[in-house]
>>> print(open('target24.txt').read())   # compact mmCIF, C-alpha atoms
# COMPACT_ATOMS: atom_id res chain seq x y z
CA MET A 37 12.77 1.38 -16.99
CA SER A 38 10.84 -0.28 -14.15
CA PRO A 39 12.78 -3.04 -12.37
CA ILE A 40 9.49 -4.90 -11.79
CA SER A 41 8.03 -6.99 -14.58
CA VAL A 42 5.15 -9.40 -15.16
CA SER A 43 5.98 -12.88 -16.39
CA PRO A 44 2.77 -14.73 -17.41
CA SER A 45 4.83 -17.73 -18.56
CA SER A 46 5.66 -18.43 -14.88
CA LEU A 47 2.09 -19.63 -14.35
CA LYS A 48 2.63 -22.35 -16.96
CA GLU A 49 5.54 -23.74 -14.92
CA GLY A 50 3.18 -24.64 -12.11
CA ARG A 51 1.50 -28.03 -12.02
CA TRP A 52 -2.25 -28.24 -11.38
CA TYR A 53 -1.70 -30.06 -8.07
CA GLU A 54 0.55 -27.23 -6.82
CA TYR A 55 -2.33 -24.78 -7.18
CA LEU A 56 -4.63 -27.28 -5.47
CA VAL A 57 -2.17 -27.65 -2.58
CA ARG A 58 -1.99 -23.87 -2.14
CA PHE A 59 -5.79 -23.59 -2.16
CA ALA A 60 -6.13 -26.40 0.38
CA LEU A 61 -3.31 -25.01 2.55
CA GLY A 62 -4.79 -21.50 2.48
CA GLY A 63 -8.19 -22.86 3.45
CA ALA A 64 -6.71 -25.11 6.16
CA VAL A 65 -4.69 -22.28 7.73
CA THR A 66 -7.77 -20.01 7.77
CA VAL A 67 -9.81 -22.75 9.46
CA PHE A 68 -6.91 -23.39 11.88
CA THR A 69 -6.71 -19.70 12.93
CA GLY A 70 -10.48 -19.73 13.48
CA LEU A 71 -10.19 -22.81 15.71
CA ILE A 72 -7.29 -21.30 17.67
CA SER A 73 -9.29 -18.10 18.22
CA SER A 74 -12.32 -20.11 19.41
CA CYS A 75 -10.25 -22.19 21.84
CA TYR A 76 -7.67 -19.70 23.14
CA GLY A 77 -9.14 -16.25 22.43
CA ALA A 78 -8.59 -13.39 20.01
CA SER A 79 -4.99 -12.56 21.02
CA ILE A 80 -3.54 -16.03 20.48
CA GLY A 81 -5.66 -16.42 17.34
CA GLY A 82 -4.39 -13.06 16.09
CA LEU A 83 -0.78 -14.24 16.30
CA PHE A 84 -1.57 -17.01 13.83
CA LEU A 85 -2.79 -14.51 11.22
CA ALA A 86 0.93 -14.08 10.45
CA LEU A 87 1.76 -17.81 10.46
CA PRO A 88 4.21 -18.49 7.61
CA ALA A 89 2.49 -21.71 6.48
CA ILE A 90 1.85 -20.38 2.97
CA PHE A 91 5.45 -19.21 2.71
CA CYS A 92 6.68 -22.76 3.43
CA ALA A 93 4.70 -24.03 0.44
CA SER A 94 5.67 -21.21 -1.91
CA ALA A 95 9.42 -21.37 -1.09
CA THR A 96 9.43 -25.13 -1.69
CA THR A 97 7.59 -24.67 -5.00
CA ILE A 98 10.00 -21.94 -6.15
CA GLU A 99 12.97 -24.17 -5.34
CA LYS A 100 11.39 -27.08 -7.23
CA HIS A 101 10.70 -24.93 -10.32
CA GLU A 102 14.27 -23.59 -10.37
CA ILE A 103 15.75 -27.10 -10.03
CA ARG A 104 13.45 -28.38 -12.80
CA ARG A 105 14.46 -25.51 -15.11
CA LYS A 106 18.18 -26.12 -14.50
CA ARG A 107 17.85 -29.90 -14.95
CA GLU A 108 16.13 -29.35 -18.27
CA ALA A 109 19.22 -27.35 -19.25
CA GLY A 110 21.44 -30.26 -18.17
CA LEU A 111 22.62 -28.71 -14.89
CA ASP A 112 22.29 -29.89 -11.28
CA GLY A 113 20.22 -26.89 -10.18
CA ARG A 114 20.13 -27.68 -6.46
CA ARG A 115 22.21 -24.67 -5.40
CA SER A 116 20.34 -22.45 -7.82
CA GLY A 117 17.05 -23.66 -6.33
CA GLU A 118 18.23 -22.82 -2.82
CA LYS A 119 19.26 -19.34 -3.96
CA ALA A 120 15.88 -18.77 -5.61
CA ALA A 121 14.11 -19.78 -2.37
CA ALA A 122 16.48 -17.52 -0.39
CA LEU A 123 15.58 -14.55 -2.60
CA ASP A 124 11.92 -15.31 -1.96
CA ALA A 125 12.65 -15.38 1.80
CA ALA A 126 14.47 -12.04 1.58
CA GLY A 127 11.39 -10.58 -0.10
CA ALA A 128 9.14 -12.12 2.55
CA ALA A 129 11.19 -10.44 5.30
CA LEU A 130 10.42 -7.08 3.67
CA GLY A 131 6.80 -8.10 3.11
CA ALA A 132 6.56 -8.83 6.85
CA LEU A 133 7.22 -5.12 7.50
CA GLY A 134 4.24 -4.41 5.26
CA MET A 135 2.21 -6.96 7.20
CA LEU A 136 3.16 -5.17 10.42
CA ALA A 137 1.86 -1.89 8.93
CA PHE A 138 -1.33 -3.72 7.86
CA ALA A 139 -1.94 -4.98 11.40
CA ILE A 140 -1.27 -1.59 13.06
CA VAL A 141 -3.49 0.37 10.64
CA PHE A 142 -6.29 -2.22 10.87
CA SER A 143 -6.28 -2.39 14.68
CA VAL A 144 -6.35 1.42 14.98
CA THR A 145 -9.10 2.05 12.40
CA VAL A 146 -11.48 -0.95 12.45
CA THR A 147 -13.58 0.28 15.38
CA ARG A 148 -14.29 3.53 13.50
CA ASN A 149 -14.87 2.33 9.94
CA VAL A 150 -14.73 -1.34 8.93
CA GLY A 151 -14.54 -0.81 5.15
CA GLY A 152 -11.99 1.96 5.55
CA ALA A 153 -9.90 -0.28 7.82
CA PHE A 154 -9.64 -2.99 5.14
CA VAL A 155 -8.78 -0.50 2.41
CA GLY A 156 -6.36 1.51 4.57
CA ALA A 157 -4.60 -1.57 5.95
CA SER A 158 -4.21 -3.10 2.47
CA LEU A 159 -2.78 0.17 1.14
CA ALA A 160 -0.39 0.32 4.11
CA TRP A 161 0.80 -3.21 3.27
CA VAL A 162 1.43 -2.31 -0.39
CA ILE A 163 3.15 1.02 0.36
CA VAL A 164 5.42 -0.24 3.16
CA SER A 165 6.35 -3.50 1.37
CA VAL A 166 7.18 -1.82 -1.93
CA ALA A 167 9.04 1.05 -0.20
CA ALA A 168 11.12 -1.43 1.85
CA TRP A 169 11.94 -3.39 -1.32
CA CYS A 170 12.97 -0.20 -3.18
CA VAL A 171 15.16 0.97 -0.27
CA ARG A 172 16.89 -2.44 -0.09
CA ARG A 173 17.45 -2.44 -3.84
CA LYS A 174 18.88 1.08 -3.74
CA MET A 175 21.21 0.20 -0.85
CA ARG A 176 22.48 -2.88 -2.67
CA SER A 177 23.17 -0.90 -5.85
CA VAL A 178 25.05 1.77 -3.83
CA ARG A 179 27.16 -0.95 -2.15
CA ARG A 180 27.99 -2.43 -5.55
CA ARG A 181 29.33 0.95 -6.74
CA ILE A 182 31.83 1.22 -3.85
CA PRO A 183 34.66 -1.24 -4.66
CA GLY A 184 36.45 -2.70 -1.64
CA LYS A 185 33.76 -1.59 0.82
CA VAL A 186 32.77 -4.30 3.32
CA GLY A 187 29.64 -5.95 2.00
CA SER A 188 30.41 -5.23 -1.66
CA PRO A 189 30.58 -8.24 -4.00
CA ALA A 190 34.37 -7.84 -4.34
CA VAL A 191 34.85 -8.49 -0.61
CA ARG A 192 31.82 -10.51 0.44
CA PRO A 193 31.07 -14.02 -0.85
CA LYS A 194 28.53 -13.91 -3.61
CA ILE A 195 25.68 -15.21 -1.45
CA PHE A 196 22.79 -13.48 -3.10
CA SER A 197 23.75 -13.69 -6.74
CA ARG A 198 20.61 -14.10 -8.78
CA PRO A 199 19.90 -17.58 -10.12
CA SER A 200 20.10 -17.28 -13.87
CA MET B 24 -19.74 -26.39 10.51
CA THR B 25 -20.94 -24.03 7.77
CA GLU B 26 -18.70 -21.30 9.19
CA TYR B 27 -15.62 -23.50 8.79
CA VAL B 28 -16.55 -24.48 5.23
CA VAL B 29 -16.92 -20.77 4.39
CA ARG B 30 -13.58 -20.06 6.13
CA PHE B 31 -11.91 -22.82 4.10
CA LEU B 32 -13.26 -21.54 0.77
CA ILE B 33 -12.56 -17.85 1.42
CA GLY B 34 -9.08 -18.60 2.80
CA GLY B 35 -8.27 -20.89 -0.14
CA VAL B 36 -9.35 -18.33 -2.73
CA VAL B 37 -7.57 -15.34 -1.12
CA VAL B 38 -4.32 -17.26 -0.57
CA SER B 39 -4.41 -18.64 -4.15
CA VAL B 40 -4.89 -15.16 -5.63
CA PHE B 41 -1.92 -13.72 -3.69
CA SER B 42 0.25 -16.75 -4.55
CA MET B 43 -0.53 -16.39 -8.26
CA LEU B 44 0.30 -12.68 -8.12
CA GLY B 45 3.65 -13.66 -6.57
CA ASP B 46 4.23 -16.17 -9.39
CA LEU B 47 3.54 -13.54 -12.05
CA LEU B 48 5.93 -10.89 -10.79
CA ARG B 49 9.68 -10.56 -11.28
CA PRO B 50 12.31 -10.18 -9.85
CA LYS B 51 12.06 -13.00 -7.33
CA SER B 52 12.84 -10.81 -4.32
CA PHE B 53 9.86 -8.58 -5.25
CA ALA B 54 7.61 -11.61 -5.76
CA GLY B 55 8.72 -12.71 -2.29
CA LEU B 56 6.76 -9.77 -0.84
CA PHE B 57 3.65 -11.82 -1.61
CA GLY B 58 4.97 -14.64 0.58
CA ALA B 59 4.19 -12.29 3.46
CA ALA B 60 0.91 -11.00 2.08
CA PRO B 61 -1.88 -10.69 4.67
CA SER B 62 -4.02 -13.19 2.75
CA VAL B 63 -5.08 -15.33 5.74
CA ALA B 64 -5.55 -12.13 7.77
CA LEU B 65 -7.90 -10.60 5.17
CA ALA B 66 -10.07 -13.72 5.13
CA THR B 67 -10.04 -14.25 8.92
CA LEU B 68 -10.54 -10.61 9.92
CA GLY B 69 -13.46 -10.28 7.48
CA ILE B 70 -15.17 -13.24 9.13
CA ALA B 71 -14.21 -11.96 12.62
CA VAL B 72 -15.85 -8.58 11.99
CA TYR B 73 -19.01 -10.27 10.67
CA ARG B 74 -19.25 -12.85 13.49
CA HIS B 75 -17.84 -11.09 16.56
CA GLY B 76 -17.70 -7.35 15.81
CA ALA B 77 -15.02 -4.72 15.25
CA ASP B 78 -13.55 -4.81 18.79
CA TYR B 79 -12.76 -8.52 18.49
CA ALA B 80 -11.11 -7.96 15.07
CA ALA B 81 -9.12 -5.04 16.51
CA GLN B 82 -7.82 -7.29 19.30
CA GLN B 83 -6.87 -9.98 16.78
CA SER B 84 -5.06 -7.55 14.49
CA TRP B 85 -3.20 -6.01 17.44
CA ALA B 86 -1.86 -9.47 18.35
CA MET B 87 -1.04 -9.95 14.68
CA THR B 88 1.67 -7.25 14.99
CA ALA B 89 3.67 -9.70 17.17
CA GLY B 90 3.17 -12.41 14.53
CA ALA B 91 4.34 -10.04 11.78
CA ILE B 92 7.56 -9.16 13.64
CA ALA B 93 8.12 -12.88 14.18
CA LEU B 94 7.55 -13.42 10.44
CA ALA B 95 10.30 -10.91 9.59
CA VAL B 96 12.73 -12.74 11.91
CA TYR B 97 11.57 -16.12 10.54
CA SER B 98 12.16 -15.03 6.90
CA ALA B 99 15.66 -13.76 7.72
CA VAL B 100 16.48 -17.08 9.48
CA VAL B 101 15.17 -19.09 6.49
CA CYS B 102 17.27 -16.96 4.13
CA HIS B 103 20.44 -17.62 6.16
CA LEU B 104 19.73 -21.35 6.52
CA LEU B 105 19.36 -21.64 2.75
CA ILE B 106 22.48 -19.64 1.92
CA ARG B 107 24.89 -20.39 4.75
CA ALA B 108 23.78 -23.80 6.08
CA ARG B 109 22.79 -24.89 2.54
CA LEU B 110 19.61 -26.59 3.72
CA ARG B 111 16.85 -27.39 1.24
CA ALA B 112 13.75 -25.17 1.26
CA ALA B 113 11.44 -27.67 3.00
CA PRO B 114 13.62 -28.37 6.09
CA ALA B 115 14.73 -24.72 6.31
CA THR B 116 11.16 -23.37 6.31
CA LEU B 117 9.85 -26.06 8.67
CA LEU B 118 12.72 -25.87 11.20
CA SER B 119 12.43 -22.08 11.32
CA LEU B 120 8.81 -22.36 12.45
CA VAL B 121 10.26 -22.93 15.93
CA VAL B 122 11.85 -19.47 15.70
CA TRP B 123 8.52 -17.97 14.63
CA LEU B 124 6.70 -19.58 17.58
CA ILE B 125 9.34 -18.43 20.12
CA VAL B 126 9.45 -14.83 18.84
CA ALA B 127 5.67 -14.51 18.39
CA PHE B 128 4.74 -15.90 21.82
CA GLY B 129 7.69 -14.10 23.44
CA LEU B 130 6.50 -10.74 22.08
CA LEU B 131 2.89 -11.43 23.03
CA THR B 132 3.93 -12.35 26.57
CA PHE B 133 6.20 -9.31 26.78
CA ALA B 134 3.35 -7.06 25.62
CA GLY B 135 1.05 -8.66 28.21
CA GLY B 136 -1.32 -10.19 25.65
CA GLN B 137 -4.62 -11.29 27.13
CA THR B 138 -6.72 -14.08 25.67
>>> encode(input="target24.txt", output="structure tokens")
Amino acid sequence: MSPISVSPSSLKEGRWYEYLVRFALGGAVTVFTGLISSCYGASIGGLFLALPAIFCASATTIEKHEIRRKREAGLDGRRSGEKAAALDAAGAALGALGMLAFAIVFSVTVTRNVGGAFVGASLAWVIVSVAAWCVRRKMRSVRRRIPGKVGSPAVRPKIFSRPS
Amino acid sequence: MTEYVVRFLIGGVVVSVFSMLGDLLRPKSFAGLFGAAPSVALATLGIAVYRHGADYAAQQSWAMTAGAIALAVYSAVVCHLLIRARLRAAPATLLSLVVWLIVAFGLLTFAGGQT
């Protein structure tokens, strides 16, 4: 059974203004990177293509949703919200490896074939991100099977237990 | 002016699509991959190729590698601030931006990035 699932009900948890904020933030960051490139050149502008502005918004939203869900169940939910945001951050760290692959593939191929560069770089992002996530998942399940090993849940504090 | 309106609309749409994909997927750590999706890069590089040519976009994406490494460090720092320092998501993500700036500009300087 695939460990990845689609949860359409998650979209209903979002408020309309949260989607509006994301749209506005995405647009603002894209305008901002354009302005930086115009003022300081392509290299400095290129750095800001990986600015984690969107991540700030999404982590905060995830935390809010988790707290809301827990409060509706009569619980505090603050710690659970922090854990949910931390899981999102752990995923983003792996996604950043995919972004690195995207940037390398794009910079190497764009002068030869523009369309191919976009397709190839996007595929590199998907493949590297998903592979990194699968490797991390596999490593964590192996650690869980070795009782007493440093890093296993029996020894280490339960820092990344999934919010229920 | 028109260019910036187009940038805003394209950036907004691409970022929203990736964010919604992240919302739809489970588990949360997998959905987190979309927090580091190259959504702004796709929009900006598309416009860069159209306006300035492939060489300019290649230079931008090469500098983006430094930003991506900084993003990996940033995400790890945010994760630890949330779990160990027990900060809320907003202060953790905003404070860590300092780390992103230091790592990104440090790597660019180290690599001899030219503007």
>>> interface_residues(input="target24.txt", of="chain A", to="chain B", cutoff="6 Å", atoms="all atoms listed in the file", output="CSV table (one decimal) with C-alpha atoms, in the frame of the given file")
chain,number,residue,atom,x,y,z
A,40,ILE,CA,9.5,-4.9,-11.8
A,41,SER,CA,8.0,-7.0,-14.6
A,42,VAL,CA,5.2,-9.4,-15.2
A,43,SER,CA,6.0,-12.9,-16.4
A,44,PRO,CA,2.8,-14.7,-17.4
A,59,PHE,CA,-5.8,-23.6,-2.2
A,60,ALA,CA,-6.1,-26.4,0.4
A,62,GLY,CA,-4.8,-21.5,2.5
A,63,GLY,CA,-8.2,-22.9,3.4
A,66,THR,CA,-7.8,-20.0,7.8
A,67,VAL,CA,-9.8,-22.8,9.5
A,77,GLY,CA,-9.1,-16.2,22.4
A,78,ALA,CA,-8.6,-13.4,20.0
A,79,SER,CA,-5.0,-12.6,21.0
A,82,GLY,CA,-4.4,-13.1,16.1
A,83,LEU,CA,-0.8,-14.2,16.3
A,85,LEU,CA,-2.8,-14.5,11.2
A,86,ALA,CA,0.9,-14.1,10.4
A,91,PHE,CA,5.4,-19.2,2.7
A,92,CYS,CA,6.7,-22.8,3.4
A,96,THR,CA,9.4,-25.1,-1.7
A,118,GLU,CA,18.2,-22.8,-2.8
A,122,ALA,CA,16.5,-17.5,-0.4
A,123,LEU,CA,15.6,-14.6,-2.6
A,124,ASP,CA,11.9,-15.3,-2.0
A,125,ALA,CA,12.6,-15.4,1.8
A,127,GLY,CA,11.4,-10.6,-0.1
A,128,ALA,CA,9.1,-12.1,2.6
A,129,ALA,CA,11.2,-10.4,5.3
A,131,GLY,CA,6.8,-8.1,3.1
A,132,ALA,CA,6.6,-8.8,6.8
A,135,MET,CA,2.2,-7.0,7.2
A,136,LEU,CA,3.2,-5.2,10.4
A,139,ALA,CA,-1.9,-5.0,11.4
A,143,SER,CA,-6.3,-2.4,14.7
A,146,VAL,CA,-11.5,-1.0,12.4
A,147,THR,CA,-13.6,0.3,15.4
>>> atom_distance(input="target24.txt", atom1="CA of Glu99 in chain A", atom2="CA of Leu133 in chain A")
23.7 Å
>>> residues_around(input="target24.txt", residues="range 158-161 of chain A", least_positions_apart="2", cutoff="6 Å", atoms="only C-alpha atoms", output="list in words")
Gly134, Met135, Ala137, Phe138, Val155, Gly156, Ile163, Val164 and Ser165 of chain A
>>> atom_distance(input="target24.txt", atom1="CA of Ala121 in chain A", atom2="CA of His101 in chain A")
10.1 Å
>>> atom_distance(input="target24.txt", atom1="CA of Val126 in chain B", atom2="CA of Val57 in chain A")
27.5 Å
>>> axis_aligned_box(input="target24.txt", around="range 110-117 of chain B", padding_each_side="4 Å", output="AutoDock Vina command-line options")
--center_x 14.7 --center_y -25.9 --center_z 5.0 --size_x 17.8 --size_y 13.0 --size_z 15.4
